[in-house]
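Containing compact mmCIF, C-alpha atoms: entry_34.txt.
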# COMPACT_ATOMS: atom_id res chain seq x y z
CA ARG F 4 -21.28 -29.85 -11.65
CA LEU F 5 -23.89 -28.94 -14.23
CA GLY F 6 -26.90 -31.06 -15.08
CA TRP F 7 -30.66 -31.25 -15.39
CA ALA F 8 -33.50 -33.36 -14.09
CA VAL F 9 -36.78 -34.61 -15.53
CA MET F 10 -39.57 -35.01 -12.97
CA PRO F 11 -43.29 -34.38 -12.34
CA GLU F 12 -44.18 -30.69 -12.35
CA ALA F 13 -45.26 -30.67 -8.70
CA LEU F 14 -41.93 -32.17 -7.62
CA ALA F 15 -40.04 -29.75 -9.89
CA ARG F 16 -41.54 -26.77 -8.05
CA ARG F 17 -40.40 -28.18 -4.71
CA THR F 18 -36.96 -28.97 -6.09
CA GLU F 19 -36.65 -25.41 -7.40
CA LEU F 20 -37.37 -24.04 -3.91
CA LEU F 21 -34.65 -26.27 -2.45
CA ALA F 22 -32.15 -25.30 -5.15
CA VAL F 23 -32.79 -21.56 -4.88
CA HIS F 24 -32.29 -21.55 -1.13
CA SER F 25 -29.38 -24.00 -1.14
CA TYR F 26 -27.03 -22.66 -3.81
CA GLY F 27 -28.93 -19.93 -5.67
CA CYS F 28 -27.81 -20.74 -9.21
CA VAL F 29 -25.07 -22.39 -11.23
CA ALA F 30 -21.84 -20.34 -11.35
CA THR F 31 -21.43 -18.38 -14.59
CA PHE F 32 -18.14 -20.03 -15.56
CA THR F 33 -19.81 -23.44 -15.11
CA GLN F 34 -22.63 -22.33 -17.40
CA GLU F 35 -20.09 -21.27 -20.04
CA ALA F 36 -18.31 -24.61 -19.67
CA GLY F 37 -21.64 -26.38 -20.20
CA VAL F 38 -22.27 -24.47 -23.43
CA ALA F 39 -18.77 -25.35 -24.67
CA ALA F 40 -19.32 -29.03 -23.78
CA LEU F 41 -22.60 -29.19 -25.69
CA GLU F 42 -21.73 -27.05 -28.69
CA GLY F 43 -17.98 -27.56 -29.00
CA PRO F 44 -15.99 -30.39 -30.65
CA GLN F 45 -17.02 -33.87 -29.50
CA ASP F 46 -13.75 -35.68 -30.33
CA SER F 47 -12.67 -35.89 -26.70
CA VAL F 48 -16.08 -37.27 -25.74
CA ASP F 49 -15.80 -40.07 -28.31
CA GLU F 50 -12.28 -40.87 -27.14
CA MET F 51 -13.38 -41.07 -23.51
CA VAL F 52 -16.33 -43.30 -24.36
CA ASP F 53 -13.96 -45.71 -26.11
CA GLU F 54 -11.55 -45.59 -23.16
CA TYR F 55 -14.29 -46.28 -20.63
CA MET F 56 -15.45 -49.20 -22.74
CA ARG F 57 -11.92 -50.60 -22.71
CA ARG F 58 -11.71 -50.22 -18.93
CA ARG F 59 -15.17 -51.71 -18.49
CA ASP F 60 -14.34 -54.79 -20.53
CA PHE F 61 -11.13 -55.32 -18.57
CA VAL F 62 -12.79 -55.01 -15.14
CA VAL F 63 -15.74 -57.23 -16.05
CA GLY F 64 -13.40 -59.87 -17.47
CA ALA F 65 -11.07 -59.74 -14.46
CA LEU F 66 -13.96 -60.10 -12.02
CA ASN F 67 -15.52 -62.99 -13.93
CA ASP F 68 -12.16 -64.76 -13.82
CA ILE F 69 -12.54 -65.03 -10.03
CA ASP F 70 -14.26 -68.26 -8.99
CA GLY F 71 -17.55 -67.46 -7.27
CA VAL F 72 -17.95 -63.99 -8.82
CA GLU F 73 -20.51 -63.27 -11.51
CA CYS F 74 -20.34 -59.80 -13.09
CA PRO F 75 -22.73 -58.66 -15.84
CA THR F 76 -21.52 -56.13 -18.40
CA PRO F 77 -22.96 -52.67 -17.62
CA ASP F 78 -24.53 -50.77 -20.51
CA GLY F 79 -23.84 -47.29 -19.14
CA ALA F 80 -22.09 -45.19 -16.47
CA PHE F 81 -18.74 -46.44 -15.18
CA TYR F 82 -19.61 -48.86 -12.41
CA ALA F 83 -19.50 -52.66 -12.17
CA PHE F 84 -22.01 -54.46 -9.94
CA PRO F 85 -20.71 -58.03 -9.46
CA ASP F 86 -22.56 -60.76 -7.57
CA VAL F 87 -20.40 -62.08 -4.72
CA SER F 88 -23.15 -63.91 -2.83
CA SER F 89 -21.52 -67.33 -3.33
CA PHE F 90 -19.00 -66.53 -0.58
CA GLY F 91 -21.70 -66.76 2.07
CA LYS F 92 -21.18 -63.25 3.46
CA THR F 93 -23.26 -60.09 3.30
CA SER F 94 -22.39 -57.29 0.89
CA LYS F 95 -21.11 -55.16 3.76
CA GLU F 96 -18.96 -57.99 5.09
CA ILE F 97 -17.38 -58.45 1.65
CA ALA F 98 -16.83 -54.70 1.28
CA ASP F 99 -15.20 -54.48 4.73
CA LEU F 100 -13.02 -57.51 3.96
CA LEU F 101 -11.80 -56.02 0.67
CA LEU F 102 -11.01 -52.72 2.41
CA ASN F 103 -9.27 -54.18 5.45
CA GLU F 104 -7.38 -57.04 3.79
CA GLY F 105 -6.96 -55.80 0.24
CA GLY F 106 -6.92 -52.02 0.59
CA VAL F 107 -9.65 -51.73 -2.05
CA ALA F 108 -12.65 -49.49 -1.43
CA VAL F 109 -15.99 -50.72 -2.83
CA LEU F 110 -19.59 -50.06 -1.84
CA PRO F 111 -21.91 -52.81 -0.58
CA GLY F 112 -24.86 -53.36 -2.88
CA THR F 113 -27.25 -52.70 0.00
CA ASP F 114 -26.25 -49.02 -0.11
CA PHE F 115 -28.56 -48.90 -3.13
CA GLY F 116 -31.46 -50.85 -1.63
CA ALA F 117 -32.30 -54.24 -0.19
CA ASN F 118 -32.16 -55.89 -3.62
CA GLY F 119 -28.45 -55.08 -3.74
CA GLU F 120 -27.67 -57.71 -1.09
CA GLY F 121 -25.04 -60.14 -2.34
CA LYS F 122 -23.48 -57.56 -4.67
CA ILE F 123 -20.82 -54.86 -4.49
CA ARG F 124 -20.29 -51.77 -6.62
CA LEU F 125 -16.93 -50.55 -7.86
CA SER F 126 -15.91 -47.78 -10.22
CA TYR F 127 -13.65 -48.15 -13.26
CA VAL F 128 -12.87 -44.45 -13.83
CA GLY F 129 -9.26 -44.95 -12.75
CA ASP F 130 -6.39 -45.56 -15.14
CA MET F 131 -5.64 -49.09 -16.32
CA ASP F 132 -2.66 -49.58 -14.00
CA THR F 133 -4.83 -48.74 -10.99
CA LEU F 134 -7.65 -50.99 -12.22
CA LYS F 135 -5.27 -53.91 -12.75
CA GLU F 136 -3.82 -53.50 -9.27
CA GLY F 137 -7.28 -53.22 -7.73
CA CYS F 138 -8.62 -56.29 -9.52
CA ASP F 139 -5.53 -58.29 -8.54
CA ARG F 140 -6.10 -57.38 -4.90
CA ILE F 141 -9.79 -58.28 -5.08
CA ALA F 142 -8.90 -61.62 -6.67
CA LYS F 143 -6.39 -62.43 -3.92
CA VAL F 144 -8.82 -61.61 -1.10
CA LEU F 145 -11.78 -63.47 -2.60
CA THR F 146 -9.68 -66.46 -3.67
CA LYS F 147 -8.35 -66.73 -0.12
CA LEU F 148 -11.89 -66.44 1.21
CA GLY F 149 -13.09 -69.19 -1.14
CA SER F 150 -10.16 -71.46 -0.23
CA LYS F 151 -10.55 -71.47 3.55
CA ASP F 152 -10.21 -74.82 5.31
CA GLU F 153 -12.92 -77.48 5.04
CA ALA F 154 -13.99 -77.15 8.66
CA ASP F 155 -14.91 -73.50 8.18
CA ASP F 156 -16.60 -74.32 4.88
CA ALA F 157 -18.68 -77.05 6.48
CA SER F 158 -19.72 -74.77 9.33
CA ALA F 159 -20.73 -71.95 7.00
CA GLU F 160 -22.60 -74.34 4.71
CA LYS F 161 -24.50 -75.81 7.66
CA LYS F 162 -25.47 -72.30 8.78
CA ARG F 163 -26.76 -71.48 5.28
CA ARG F 164 -28.75 -74.72 5.17
CA ASP F 165 -30.24 -74.06 8.59
CA GLU F 166 -31.50 -70.70 7.33
CA ILE F 167 -33.21 -72.25 4.27
CA PRO F 168 -36.19 -74.52 4.95
CA VAL F 169 -36.03 -77.87 3.16
CA THR F 170 -39.42 -79.29 2.22
CA ARG F 171 -40.34 -82.54 0.56
CA GLY F 172 -43.32 -83.69 -1.46
CA ALA F 173 -44.47 -80.27 -2.70
CA PRO F 174 -43.70 -79.95 -6.44
CA GLY F 175 -42.23 -76.59 -7.42
CA THR F 176 -40.64 -75.84 -4.04
CA LEU F 177 -36.93 -75.98 -3.36
CA GLY F 178 -35.92 -79.37 -2.10
CA ALA F 179 -39.20 -80.97 -3.19
CA ASN F 180 -37.52 -84.18 -4.32
CA MET F 181 -33.98 -83.89 -2.99
CA THR F 182 -32.30 -82.43 0.10
CA TRP F 183 -29.40 -79.99 -0.12
CA GLU F 184 -27.13 -82.73 1.26
CA GLU F 185 -28.12 -85.14 -1.50
CA LEU F 186 -27.53 -82.45 -4.10
CA ASP F 187 -24.13 -81.59 -2.64
CA GLU F 188 -23.10 -85.20 -2.99
CA LYS F 189 -23.46 -84.82 -6.75
CA VAL F 190 -21.99 -81.38 -7.43
CA ASN F 191 -20.37 -78.63 -5.41
CA THR F 192 -23.34 -76.29 -5.01
CA TYR F 193 -24.08 -73.15 -3.05
CA PRO F 194 -27.84 -72.93 -2.36
CA MET F 195 -28.92 -69.35 -1.81
CA ASP F 196 -32.19 -67.45 -2.13
CA ARG F 197 -33.69 -69.31 -5.10
CA LYS F 198 -30.30 -69.59 -6.79
CA PHE F 199 -27.65 -72.30 -7.15
CA GLN F 200 -24.03 -71.89 -8.19
CA ALA F 201 -21.75 -74.79 -9.03
CA ILE F 202 -18.10 -75.10 -10.02
CA GLY F 203 -16.69 -78.32 -11.44
CA PRO F 204 -14.69 -79.99 -14.18
CA GLY F 205 -15.99 -80.54 -17.68
CA GLY F 206 -17.83 -78.60 -20.35
CA GLN F 207 -21.46 -78.61 -21.47
CA ALA F 208 -21.93 -82.08 -20.00
CA PHE F 209 -21.24 -80.67 -16.54
CA VAL F 210 -23.72 -77.83 -17.15
CA ASP F 211 -26.39 -80.31 -18.26
CA GLU F 212 -25.73 -82.48 -15.20
CA VAL F 213 -26.11 -79.53 -12.83
CA VAL F 214 -29.34 -78.39 -14.49
CA ALA F 215 -30.77 -81.92 -14.38
CA LEU F 216 -30.01 -82.22 -10.67
CA ILE F 217 -31.53 -78.82 -9.91
CA GLU F 218 -34.65 -79.75 -11.87
CA LYS F 219 -34.95 -82.92 -9.80
CA ALA F 220 -34.54 -80.90 -6.61
CA VAL F 221 -37.18 -78.29 -7.45
CA GLY F 222 -39.57 -80.69 -9.13
CA ARG F 223 -39.88 -78.80 -12.41
CA SER F 224 -37.95 -77.86 -15.53
CA VAL F 225 -35.62 -74.85 -15.53
CA PRO F 226 -35.88 -72.44 -18.53
CA GLY F 227 -32.70 -71.98 -20.50
CA ASP F 228 -32.74 -68.23 -19.80
CA ASP F 229 -32.28 -69.00 -16.09
CA VAL F 230 -29.00 -70.85 -16.70
CA THR F 231 -25.67 -69.06 -17.22
CA SER F 232 -22.21 -70.58 -17.48
CA ARG F 233 -18.64 -69.57 -18.23
CA PRO F 234 -15.16 -71.08 -18.10
CA SER F 235 -13.55 -71.35 -14.66
CA LYS F 236 -10.07 -72.16 -13.46
CA LYS F 237 -11.58 -75.39 -12.10
CA GLY F 238 -13.42 -76.21 -15.32
CA LYS F 239 -16.89 -74.68 -15.55
CA TYR F 240 -18.92 -72.19 -13.49
CA VAL F 241 -22.72 -72.58 -13.62
CA ALA F 242 -25.44 -70.36 -12.09
CA VAL F 243 -29.08 -71.49 -12.04
CA ASN F 244 -31.95 -69.22 -10.97
CA VAL F 245 -34.96 -71.12 -9.69
Please express the file's structure as structure tokens.
Amino acid sequence: RLGWAVMPEALARRTELLAVHSYGCVATFTQEAGVAALEGPQDSVDEMVDEYMRRRDFVVGALNDIDGVECPTPDGAFYAFPDVSSFGKTSKEIADLLLNEGGVAVLPGTDFGANGEGKIRLSYVGDMDTLKEGCDRIAKVLTKLGSKDEADDASAEKKRRDEIPVTRGAPGTLGANMTWEELDEKVNTYPMDRKFQAIGPGGQAFVDEVVALIEKAVGRSVPGDDVTSRPSKKGKYVAVNV
């Protein structure tokens, strides 16, 4: 590989020492390839950018079609970083499940820091046939996980509730005016760390109902920027950050 880094001068001197004693220098043929890549025709680069964009749009769309998955569209590189926290498992547990049951290798978001909990990372550098097969396998595993029997769902939901303190009478705190149980009676919600996700029938009316209930629960209004929604196989998927 050939590349460069931008860093503080003091760090650059240390990095140079490491590089010199680790690999000496970049091989000459790699240097010549770098010159050709920078100064030569750029047609192939433009074609690959378009192809990666096509693959990106497919993967993001396929992941967002899975109930309980929320995947933003990346602006660069060739990785998707979907949120799978609604399934009530850690990033590593989801990654292990996809590998063992679906034969799909992904990285848990926590490999990139604590803030990656609840997310997984997957690459879309493969060809479209491979990406379609991989996304189909992910969908099957996660759909099965989300459709487990009610007894398991109830047990997992109780465990999540037990881990989240419910307070009453303190405006602005989660559960200030409504318990999780009362909220669940209204819509199918998944309370997580300052975030709710709901899936139900209907259009904008369902979104408005969910937001109104969340506002009642937290004791304050929720800004529009904190609400996202998209079509779901069951009607509408709504995510509310609080």
Rank F:Ala215, F:Leu148, F:Val87, F:Val38 by their smallest atom-to-atom distance to Gly119 (chain F), using only C-alpha atoms, and report the top residue only. F:Val87
So, with only C-alpha atoms as the atoms that count, which of F:Ala22, F:Ala13, F:Ile123, F:Val107 lies closest to Lys135 (chain F)?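 Of F:Ala22, F:Ala13, F:Ile123, F:Val107, the one nearest Lys135 (chain F) is F:Val107, counting only C-alpha atoms.
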Report, in Å to a single decimal, how far apart CA of Phe81 (chain F) and CA of Asp114 (chain F) are. 17.0 Å
Would you compute the distance between CA of Asp53 (chain F) and CA of Leu134 (chain F)? Give it in Å to one decimal.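 The value is 16.1 Å.
Separating CA of Phe90 (chain F) from CA of Arg140 (chain F) is a distance of 16.4 Å.
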Could region 24-49 of chain F be completed with N, CA, C and O atoms and written as a tab-separated table (two decimals), keeping the file's coordinate frame, please?
chain	number	residue	atom	x	y	z
F	24	HIS	N	-32.71	-21.90	-2.49
F	24	HIS	CA	-32.29	-21.55	-1.13
F	24	HIS	C	-31.04	-22.31	-0.68
F	24	HIS	O	-30.51	-22.03	0.39
F	25	SER	N	-30.59	-23.26	-1.49
F	25	SER	CA	-29.38	-24.00	-1.14
F	25	SER	C	-28.14	-23.41	-1.80
F	25	SER	O	-27.12	-23.19	-1.15
F	26	TYR	N	-28.22	-23.17	-3.11
F	26	TYR	CA	-27.03	-22.66	-3.81
F	26	TYR	C	-27.34	-21.53	-4.78
F	26	TYR	O	-26.46	-21.05	-5.48
F	27	GLY	N	-28.58	-21.09	-4.85
F	27	GLY	CA	-28.93	-19.93	-5.67
F	27	GLY	C	-28.99	-20.25	-7.15
F	27	GLY	O	-30.06	-20.37	-7.72
F	28	CYS	N	-27.84	-20.42	-7.77
F	28	CYS	CA	-27.81	-20.74	-9.21
F	28	CYS	C	-26.45	-21.31	-9.55
F	28	CYS	O	-25.52	-21.29	-8.75
F	29	VAL	N	-26.34	-21.84	-10.76
F	29	VAL	CA	-25.07	-22.39	-11.23
F	29	VAL	C	-24.10	-21.25	-11.53
F	29	VAL	O	-24.48	-20.23	-12.12
F	30	ALA	N	-22.84	-21.38	-11.11
F	30	ALA	CA	-21.84	-20.34	-11.35
F	30	ALA	C	-21.73	-20.04	-12.85
F	30	ALA	O	-21.86	-20.93	-13.69
F	31	THR	N	-21.46	-18.78	-13.18
F	31	THR	CA	-21.43	-18.38	-14.59
F	31	THR	C	-20.37	-19.13	-15.38
F	31	THR	O	-20.60	-19.51	-16.54
F	32	PHE	N	-19.20	-19.33	-14.79
F	32	PHE	CA	-18.14	-20.03	-15.56
F	32	PHE	C	-18.54	-21.49	-15.81
F	32	PHE	O	-18.15	-22.08	-16.82
F	33	THR	N	-19.34	-22.07	-14.89
F	33	THR	CA	-19.81	-23.44	-15.11
F	33	THR	C	-20.84	-23.46	-16.25
F	33	THR	O	-20.87	-24.40	-17.05
F	34	GLN	N	-21.67	-22.42	-16.31
F	34	GLN	CA	-22.63	-22.33	-17.40
F	34	GLN	C	-21.91	-22.23	-18.76
F	34	GLN	O	-22.29	-22.88	-19.74
F	35	GLU	N	-20.86	-21.41	-18.80
F	35	GLU	CA	-20.09	-21.27	-20.04
F	35	GLU	C	-19.41	-22.59	-20.41
F	35	GLU	O	-19.34	-22.95	-21.59
F	36	ALA	N	-18.94	-23.31	-19.41
F	36	ALA	CA	-18.31	-24.61	-19.67
F	36	ALA	C	-19.35	-25.59	-20.22
F	36	ALA	O	-19.05	-26.40	-21.11
F	37	GLY	N	-20.58	-25.52	-19.71
F	37	GLY	CA	-21.64	-26.38	-20.20
F	37	GLY	C	-21.97	-26.12	-21.65
F	37	GLY	O	-22.18	-27.06	-22.44
F	38	VAL	N	-22.01	-24.83	-22.03
F	38	VAL	CA	-22.27	-24.47	-23.43
F	38	VAL	C	-21.16	-25.01	-24.33
F	38	VAL	O	-21.42	-25.59	-25.40
F	39	ALA	N	-19.91	-24.86	-23.87
F	39	ALA	CA	-18.77	-25.35	-24.67
F	39	ALA	C	-18.84	-26.88	-24.81
F	39	ALA	O	-18.54	-27.43	-25.87
F	40	ALA	N	-19.25	-27.57	-23.72
F	40	ALA	CA	-19.32	-29.03	-23.78
F	40	ALA	C	-20.38	-29.51	-24.74
F	40	ALA	O	-20.21	-30.52	-25.43
F	41	LEU	N	-21.50	-28.78	-24.82
F	41	LEU	CA	-22.60	-29.19	-25.69
F	41	LEU	C	-22.42	-28.75	-27.13
F	41	LEU	O	-22.81	-29.46	-28.06
F	42	GLU	N	-21.82	-27.60	-27.34
F	42	GLU	CA	-21.73	-27.05	-28.69
F	42	GLU	C	-20.34	-27.17	-29.31
F	42	GLU	O	-20.18	-26.98	-30.51
F	43	GLY	N	-19.35	-27.48	-28.50
F	43	GLY	CA	-17.98	-27.56	-29.00
F	43	GLY	C	-17.67	-28.90	-29.64
F	43	GLY	O	-18.55	-29.76	-29.81
F	44	PRO	N	-16.42	-29.11	-30.04
F	44	PRO	CA	-15.99	-30.39	-30.65
F	44	PRO	C	-16.29	-31.56	-29.71
F	44	PRO	O	-16.13	-31.45	-28.49
F	45	GLN	N	-16.66	-32.70	-30.29
F	45	GLN	CA	-17.02	-33.87	-29.50
F	45	GLN	C	-15.96	-34.97	-29.58
F	45	GLN	O	-16.18	-36.09	-29.09
F	46	ASP	N	-14.80	-34.66	-30.17
F	46	ASP	CA	-13.75	-35.68	-30.33
F	46	ASP	C	-13.33	-36.28	-28.99
F	46	ASP	O	-13.18	-37.50	-28.86
F	47	SER	N	-13.13	-35.41	-28.00
F	47	SER	CA	-12.67	-35.89	-26.70
F	47	SER	C	-13.73	-36.77	-26.04
F	47	SER	O	-13.39	-37.70	-25.30
F	48	VAL	N	-15.00	-36.46	-26.30
F	48	VAL	CA	-16.08	-37.27	-25.74
F	48	VAL	C	-16.02	-38.69	-26.32
F	48	VAL	O	-16.12	-39.69	-25.60
F	49	ASP	N	-15.87	-38.77	-27.64
F	49	ASP	CA	-15.80	-40.07	-28.31
F	49	ASP	C	-14.60	-40.88	-27.81
F	49	ASP	O	-14.69	-42.09	-27.59
